Amino acid sequence: MERKIIGLLVLVALLAACNGKSKIEADILIVNGEVYDGIEAMSQSLSIAIKGDTIVWVGHQNDKEVVAVKTIDAKGLIVSPGFIDPHTHATNDLDNSEHSHNKPFLFQGVTTVTVGNDGSSPYPLAEYRDKCQELGVGTNVVTLVGHGTIRKQVMGESDREASKEELVKMQQLMQQELNAGAFGMSTGLFYAPGSYSTTDEVVALAEVVAKNNGIYDTHMRDESTYSIGLIPAVQETIEIGERANIPVHISHIKCLGVDVWKQSDSIIKIVEEAQDKGIHVTANQYPYNASATSLKAAVVPRWAESGGKDSLLIRFNDTGLKSKILEQTQTNIARRGGPEKLLIIQAPDTLLQGKNLLEIAQDLKKKPEEAVFDILKLGYIKIASFNMNPYDIENFMVQPWVVTGSDGGSGHPRKYGTFPYKYRKFVKEDNVLDLASFINQSSSKTAKILKLPKRGTLQEGNYADIIIFDPNAFTDKANYLDAFQLSEGLIYSIINGKLSIEEGEFTEKLNGRMLKK
Ligand SMILES: [Zn+2]
């Protein structure tokens, strides 16, 4: 009897093979969707089978018999690799049990976020990773090592050059943090204490990262005319890439302020020349015309804050220095387009939120530069600074080496809206990009830049990070006055083969992983 059954099974298998068909078992089967695989310029009508955490089959529906536990009919919907965000400020959400779901990003279609950007990372990384993994995370997480964080460990807030011994110590700490699974290093050369470092110091650390096959991600020394200027800052980045033999990635590329508007053409040329020489240069960009940063970083002269906030206030109360500080603060406000272009989006006194610096100055009956120091005494103030030109935004956006990155942190709508906003405005409304370019810039290209294997494309053998969205309904809801609205129109999100969003609702499952290089 048993032999008969086996014989029958062999016969069925043979027949199936003759048919060109074989049966596969899957946990989830996605059918009837318009599939963008992350690489091709066109969509195809394909089916995708998932087993465990892996895509086990991609093909035409009738080519294979798939027996699935669950079938998703994606008719009329877009199927895409989950988006990968190379620059976020989700660090403090992910190790907090109330926020580790990472919903602001999840609902945008993001399945992997990066943390540790702008030169600032959780330290020590191994401890942070363990804590997040224990809590469970809603998306995958890529980590970078912050140069500023390492520098602070060795030199505090000091504004001097590193000694030889300090540099060696920093290199050791860099290696320690890379060993904990980081994908590369980040710098925030605009911010203290990164701004105090020389190019040589950064190169010495980037060399350690290069030996580990990591990447260099940077918030450049200047995105405007604060110190060395935007174009020299791009040149410094390229120099670091060339000297340390490391791929360099410019974060949130932009022309910040009227002084540097329309410099995108020159920057694109400089980057292309470097690429022709074999230097690997890429960038990420958020699609908004306002940046967000701290009021202090935006308008207070950097020398005045050396040593931290207390030192700043002491200098400000020194009559010899006060007028110089005020004068330079006024220049910095003008560089950003004037006090009416600086909108307070986060402050200890919530009455300040939603007002611009001009309105606050009028309330206080003071000059804007004086009002700055009145409100800085209250604590951390975050601003949206309307300082970008649509010409530069679109010019960068269409470059093949520029990918989507939210820079998402509290208060700016980009944390909740970047990816759907870019889709709504730049794909659907303004036709700056086609849908495939938008998807490729938000998935496979980013995976390649981060050197993240087996993610970012819908291919057999890859991890099943897949999103399904309604092309008519996928949209951002967050704006500057209400920055905390989840995006809409994402119908499914599958992370590591498990459903995180089903029929538009969060499944309450934390399917992300702390990824390790
Ligand atoms: Zn930044």
# chains A, B, ... in the order shown; residues from 1 in each chain; ligands from 1
$ residues_near_ligand --ligand "ligand 1" --cutoff "12 Å" --atoms "only C-alpha atoms and all ligand atoms" --output "VMD selection string"
chain A and resid 86 to 89 115 to 120 146 186 to 191 194 217 to 223 250 to 254 284 to 286 291 to 294 297 to 298 405 to 409
$ select_by_dssp --residues "segment 120-255 of chain A" --states "alpha helix (DSSP H)" --output "PyMOL selection string"
chain A and resi 125-135+147-155+164-179+199-211+230-244
$ select_by_dssp --residues "segment 201-234 of chain A" --states "strand (DSSP E)" --output "list of chain:residue names"
A:Ile215, A:Tyr216, A:Asp217, A:Thr218, A:His219
$ residues_around --residues "Asp434 of chain A" --least-positions-apart "6" --cutoff "12 Å" --atoms "only C-alpha atoms" --output "NGL selection string"
:A and (36 or 41-43 or 397-398 or 422-428 or 440-441)
$ write_last_selection --atoms "all heavy atoms" --output "short mmCIF file (atom, residue, chain, number, x, y, z; two decimals), in the first residue's frame"
data_model
loop_
_atom_site.label_atom_id
_atom_site.label_comp_id
_atom_site.auth_asym_id
_atom_site.auth_seq_id
_atom_site.Cartn_x
_atom_site.Cartn_y
_atom_site.Cartn_z
N TYR A 36 6.92 46.27 -8.41
CA TYR A 36 8.18 46.96 -8.70
C TYR A 36 9.24 46.27 -7.86
O TYR A 36 9.13 46.21 -6.64
CB TYR A 36 8.08 48.44 -8.30
CG TYR A 36 7.20 49.25 -9.22
CD1 TYR A 36 5.81 49.27 -9.06
CD2 TYR A 36 7.75 49.98 -10.26
CE1 TYR A 36 5.00 50.00 -9.91
CE2 TYR A 36 6.94 50.72 -11.12
CZ TYR A 36 5.57 50.73 -10.94
OH TYR A 36 4.78 51.46 -11.78
N ALA A 41 12.96 49.44 -14.31
CA ALA A 41 12.30 50.72 -14.51
C ALA A 41 10.80 50.56 -14.75
O ALA A 41 10.08 51.55 -14.87
CB ALA A 41 12.95 51.44 -15.68
N MET A 42 10.34 49.30 -14.88
CA MET A 42 8.92 49.05 -15.15
C MET A 42 8.37 48.08 -14.11
O MET A 42 9.11 47.30 -13.53
CB MET A 42 8.77 48.39 -16.53
CG MET A 42 9.31 49.18 -17.69
SD MET A 42 8.21 50.50 -18.15
CE MET A 42 7.04 49.56 -19.14
N SER A 43 7.06 48.12 -13.96
CA SER A 43 6.43 47.14 -13.07
C SER A 43 6.05 45.91 -13.88
O SER A 43 5.97 45.95 -15.11
CB SER A 43 5.18 47.74 -12.43
OG SER A 43 4.21 47.98 -13.41
N MET A 397 17.16 65.77 -6.60
CA MET A 397 16.28 64.60 -6.52
C MET A 397 16.40 63.66 -7.72
O MET A 397 16.28 62.45 -7.59
CB MET A 397 14.83 65.08 -6.37
CG MET A 397 13.86 63.97 -6.00
SD MET A 397 12.20 64.62 -5.75
CE MET A 397 12.33 65.34 -4.12
N VAL A 398 16.65 64.20 -8.89
CA VAL A 398 16.67 63.36 -10.09
C VAL A 398 18.04 62.74 -10.39
O VAL A 398 18.20 62.01 -11.37
CB VAL A 398 16.18 64.15 -11.34
CG1 VAL A 398 14.73 64.58 -11.15
CG2 VAL A 398 17.08 65.36 -11.61
N LYS A 422 7.00 62.52 -0.69
CA LYS A 422 7.79 62.54 -1.93
C LYS A 422 6.98 61.90 -3.06
O LYS A 422 6.95 62.42 -4.18
CB LYS A 422 9.11 61.81 -1.72
CG LYS A 422 10.04 61.85 -2.93
CD LYS A 422 11.42 61.32 -2.55
CE LYS A 422 12.31 61.18 -3.78
NZ LYS A 422 13.65 60.69 -3.43
N TYR A 423 6.31 60.81 -2.76
CA TYR A 423 5.48 60.13 -3.76
C TYR A 423 4.34 61.04 -4.23
O TYR A 423 4.11 61.23 -5.42
CB TYR A 423 4.94 58.82 -3.17
CG TYR A 423 3.83 58.19 -3.99
CD1 TYR A 423 4.09 57.60 -5.22
CD2 TYR A 423 2.51 58.21 -3.53
CE1 TYR A 423 3.07 57.05 -5.98
CE2 TYR A 423 1.48 57.66 -4.27
CZ TYR A 423 1.77 57.08 -5.50
OH TYR A 423 0.76 56.54 -6.25
N ARG A 424 3.63 61.62 -3.24
CA ARG A 424 2.46 62.45 -3.59
C ARG A 424 2.87 63.67 -4.40
O ARG A 424 2.31 63.96 -5.46
CB ARG A 424 1.75 62.89 -2.30
CG ARG A 424 0.62 63.88 -2.53
CD ARG A 424 -0.14 64.18 -1.25
NE ARG A 424 0.60 64.91 -0.24
CZ ARG A 424 0.83 66.23 -0.29
NH1 ARG A 424 0.40 66.95 -1.31
NH2 ARG A 424 1.50 66.83 0.68
N LYS A 425 3.86 64.40 -3.90
CA LYS A 425 4.21 65.67 -4.54
C LYS A 425 5.07 65.48 -5.79
O LYS A 425 4.79 66.06 -6.83
CB LYS A 425 4.91 66.59 -3.54
CG LYS A 425 5.37 67.90 -4.19
CD LYS A 425 5.66 68.99 -3.20
CE LYS A 425 6.27 70.22 -3.84
NZ LYS A 425 5.43 70.84 -4.88
N PHE A 426 6.13 64.69 -5.67
CA PHE A 426 7.12 64.68 -6.75
C PHE A 426 6.88 63.59 -7.81
O PHE A 426 7.39 63.69 -8.91
CB PHE A 426 8.54 64.59 -6.16
CG PHE A 426 8.90 65.82 -5.38
CD1 PHE A 426 8.74 65.86 -4.00
CD2 PHE A 426 9.36 66.96 -6.03
CE1 PHE A 426 9.05 67.01 -3.27
CE2 PHE A 426 9.67 68.11 -5.32
CZ PHE A 426 9.51 68.14 -3.94
N VAL A 427 6.10 62.55 -7.44
CA VAL A 427 5.74 61.55 -8.45
C VAL A 427 4.38 61.89 -9.05
O VAL A 427 4.24 62.03 -10.26
CB VAL A 427 5.72 60.12 -7.83
CG1 VAL A 427 5.27 59.09 -8.88
CG2 VAL A 427 7.10 59.75 -7.29
N LYS A 428 3.36 62.05 -8.18
CA LYS A 428 2.00 62.21 -8.69
C LYS A 428 1.67 63.63 -9.16
O LYS A 428 1.11 63.81 -10.24
CB LYS A 428 1.00 61.80 -7.61
CG LYS A 428 0.76 60.29 -7.57
CD LYS A 428 -0.03 59.87 -6.36
CE LYS A 428 -1.49 60.25 -6.42
NZ LYS A 428 -2.23 59.74 -5.24
N ASN A 440 13.02 52.75 -6.52
CA ASN A 440 14.42 52.31 -6.55
C ASN A 440 15.30 53.17 -5.66
O ASN A 440 16.21 52.69 -5.00
CB ASN A 440 14.94 52.31 -7.99
CG ASN A 440 14.16 51.35 -8.88
OD1 ASN A 440 13.35 50.57 -8.39
ND2 ASN A 440 14.40 51.42 -10.19
N GLN A 441 15.00 54.49 -5.63
CA GLN A 441 15.73 55.43 -4.79
C GLN A 441 15.42 55.25 -3.32
O GLN A 441 16.04 55.88 -2.47
CB GLN A 441 15.27 56.86 -5.08
CG GLN A 441 15.82 57.51 -6.28
CD GLN A 441 15.35 58.96 -6.33
OE1 GLN A 441 14.45 59.37 -5.60
NE2 GLN A 441 15.97 59.74 -7.18
#
$ residues_around --residues "segment 341-356 of chain A" --least-positions-apart "2" --cutoff "9 Å" --atoms "only C-alpha atoms" --output "PyMOL selection string"
chain A and resi 290+292+295+333+336-339+358-361+375+378-387+410-412+480-481+483
$ residues_around --residues "segment 137-140 of chain A" --least-positions-apart "3" --cutoff "7 Å" --atoms "only C-alpha atoms" --output "list in words"
Leu94, Ser100, His101, Asn102, Leu106, Thr111, Thr112, Val113, Cys132, Gln133, Leu510, Asn511, Gly512, Arg513, Met514 and Leu515 of chain A
$ write_last_selection --atoms "N, CA and C atoms" --output "PDB file, in the first residue's frame"
ATOM      1  N   LEU A  94      13.620  53.728  19.766  1.00  0.00           N
ATOM      2  CA  LEU A  94      13.811  52.285  19.620  1.00  0.00           C
ATOM      3  C   LEU A  94      14.168  51.579  20.927  1.00  0.00           C
ATOM      4  N   SER A 100       9.102  51.742  20.555  1.00  0.00           N
ATOM      5  CA  SER A 100       9.981  50.898  19.724  1.00  0.00           C
ATOM      6  C   SER A 100       9.237  50.284  18.538  1.00  0.00           C
ATOM      7  N   HIS A 101       7.911  50.421  18.514  1.00  0.00           N
ATOM      8  CA  HIS A 101       7.146  49.982  17.338  1.00  0.00           C
ATOM      9  C   HIS A 101       7.560  50.759  16.092  1.00  0.00           C
ATOM     10  N   ASN A 102       8.085  51.979  16.298  1.00  0.00           N
ATOM     11  CA  ASN A 102       8.575  52.804  15.181  1.00  0.00           C
ATOM     12  C   ASN A 102       7.478  53.125  14.159  1.00  0.00           C
ATOM     13  N   LEU A 106       7.129  53.138  10.071  1.00  0.00           N
ATOM     14  CA  LEU A 106       6.434  51.942   9.574  1.00  0.00           C
ATOM     15  C   LEU A 106       5.290  52.313   8.627  1.00  0.00           C
ATOM     16  N   THR A 111      10.772  49.831   6.167  1.00  0.00           N
ATOM     17  CA  THR A 111      10.963  48.570   6.891  1.00  0.00           C
ATOM     18  C   THR A 111      12.344  48.497   7.546  1.00  0.00           C
ATOM     19  N   THR A 112      13.233  49.424   7.169  1.00  0.00           N
ATOM     20  CA  THR A 112      14.554  49.503   7.808  1.00  0.00           C
ATOM     21  C   THR A 112      14.918  50.964   8.036  1.00  0.00           C
ATOM     22  N   VAL A 113      15.264  51.315   9.263  1.00  0.00           N
ATOM     23  CA  VAL A 113      15.760  52.669   9.544  1.00  0.00           C
ATOM     24  C   VAL A 113      17.236  52.589   9.909  1.00  0.00           C
ATOM     25  N   CYS A 132      17.482  47.192  22.673  1.00  0.00           N
ATOM     26  CA  CYS A 132      16.458  47.295  21.616  1.00  0.00           C
ATOM     27  C   CYS A 132      15.955  45.908  21.220  1.00  0.00           C
ATOM     28  N   GLN A 133      16.901  44.989  21.058  1.00  0.00           N
ATOM     29  CA  GLN A 133      16.526  43.648  20.620  1.00  0.00           C
ATOM     30  C   GLN A 133      15.626  42.984  21.658  1.00  0.00           C
ATOM     31  N   LEU A 510       6.195  43.174  16.623  1.00  0.00           N
ATOM     32  CA  LEU A 510       7.471  43.849  16.411  1.00  0.00           C
ATOM     33  C   LEU A 510       8.387  42.912  15.621  1.00  0.00           C
ATOM     34  N   ASN A 511       8.341  43.055  14.303  1.00  0.00           N
ATOM     35  CA  ASN A 511       9.010  42.093  13.426  1.00  0.00           C
ATOM     36  C   ASN A 511      10.400  42.527  12.952  1.00  0.00           C
ATOM     37  N   GLY A 512      10.845  43.693  13.431  1.00  0.00           N
ATOM     38  CA  GLY A 512      12.151  44.183  12.982  1.00  0.00           C
ATOM     39  C   GLY A 512      13.301  43.473  13.669  1.00  0.00           C
ATOM     40  N   ARG A 513      14.496  43.722  13.158  1.00  0.00           N
ATOM     41  CA  ARG A 513      15.713  43.146  13.753  1.00  0.00           C
ATOM     42  C   ARG A 513      16.786  44.226  13.853  1.00  0.00           C
ATOM     43  N   MET A 514      17.619  44.112  14.859  1.00  0.00           N
ATOM     44  CA  MET A 514      18.796  44.961  14.940  1.00  0.00           C
ATOM     45  C   MET A 514      19.823  44.321  14.000  1.00  0.00           C
ATOM     46  N   LEU A 515      20.032  44.928  12.849  1.00  0.00           N
ATOM     47  CA  LEU A 515      20.889  44.307  11.842  1.00  0.00           C
ATOM     48  C   LEU A 515      22.357  44.474  12.237  1.00  0.00           C
TER      49      LEU A 515
END
$ residues_around --residues "segment 167-169 of chain A" --least-positions-apart "3" --cutoff "12 Å" --atoms "only C-alpha atoms" --output "list in words"
His147, Ile150, Arg151, Lys152, Gln153, Val154, Met155, Glu161, Ala162, Ser163, Lys164, Gln172, Leu173, Met174, Gln175, Gln176, Ser197, Thr198, Asp200, Glu201, Val202, Val203, Ala204, Leu205, Ala206 and Val208 of chain A
$ write_last_selection --atoms "N, CA and C atoms" --output "compact mmCIF listing (two decimals), in the first residue's frame"
# COMPACT_ATOMS: atom_id res chain seq x y z
N HIS A 147 30.98 60.02 15.06
CA HIS A 147 32.33 60.57 15.32
C HIS A 147 32.32 61.49 16.53
N ILE A 150 32.31 59.51 19.76
CA ILE A 150 33.64 58.97 20.07
C ILE A 150 34.56 60.08 20.59
N ARG A 151 34.48 61.24 19.91
CA ARG A 151 35.35 62.35 20.30
C ARG A 151 35.04 62.80 21.73
N LYS A 152 33.75 62.87 22.04
CA LYS A 152 33.34 63.27 23.39
C LYS A 152 33.86 62.32 24.45
N GLN A 153 33.84 61.01 24.13
CA GLN A 153 34.35 60.02 25.08
C GLN A 153 35.81 60.29 25.42
N VAL A 154 36.55 60.75 24.43
CA VAL A 154 38.00 60.91 24.61
C VAL A 154 38.37 62.33 25.01
N MET A 155 37.68 63.34 24.46
CA MET A 155 38.12 64.73 24.65
C MET A 155 37.06 65.65 25.26
N GLU A 161 42.44 70.61 18.70
CA GLU A 161 42.80 69.46 17.87
C GLU A 161 43.12 68.27 18.75
N ALA A 162 42.89 67.09 18.22
CA ALA A 162 43.21 65.87 18.99
C ALA A 162 44.71 65.64 18.96
N SER A 163 45.26 65.19 20.10
CA SER A 163 46.67 64.81 20.13
C SER A 163 46.79 63.43 19.48
N LYS A 164 48.04 63.03 19.28
CA LYS A 164 48.29 61.71 18.68
C LYS A 164 47.68 60.59 19.53
N GLN A 172 40.61 53.28 18.56
CA GLN A 172 40.28 52.04 19.29
C GLN A 172 38.79 51.97 19.60
N LEU A 173 38.23 53.11 20.04
CA LEU A 173 36.79 53.13 20.36
C LEU A 173 35.96 52.91 19.09
N MET A 174 36.44 53.48 17.98
CA MET A 174 35.73 53.28 16.71
C MET A 174 35.68 51.79 16.39
N GLN A 175 36.82 51.12 16.54
CA GLN A 175 36.86 49.68 16.25
C GLN A 175 35.92 48.91 17.19
N GLN A 176 35.93 49.29 18.44
CA GLN A 176 35.05 48.64 19.43
C GLN A 176 33.58 48.75 19.00
N SER A 197 36.97 69.34 14.82
CA SER A 197 37.95 68.38 14.32
C SER A 197 38.50 68.79 12.97
N THR A 198 39.72 68.40 12.70
CA THR A 198 40.34 68.66 11.40
C THR A 198 39.95 67.55 10.42
N ASP A 200 42.06 65.83 8.85
CA ASP A 200 42.99 64.72 9.13
C ASP A 200 42.44 63.77 10.20
N GLU A 201 41.83 64.36 11.22
CA GLU A 201 41.25 63.53 12.29
C GLU A 201 40.17 62.62 11.72
N VAL A 202 39.31 63.21 10.89
CA VAL A 202 38.21 62.42 10.31
C VAL A 202 38.76 61.32 9.41
N VAL A 203 39.79 61.66 8.62
CA VAL A 203 40.39 60.66 7.72
C VAL A 203 40.96 59.50 8.54
N ALA A 204 41.64 59.83 9.64
CA ALA A 204 42.27 58.78 10.47
C ALA A 204 41.21 57.80 10.99
N LEU A 205 40.04 58.31 11.33
CA LEU A 205 38.97 57.43 11.82
C LEU A 205 38.29 56.69 10.66
N ALA A 206 38.13 57.39 9.55
CA ALA A 206 37.50 56.77 8.38
C ALA A 206 38.35 55.61 7.87
N VAL A 208 39.94 53.48 9.68
CA VAL A 208 39.56 52.30 10.50
C VAL A 208 38.27 51.69 9.95
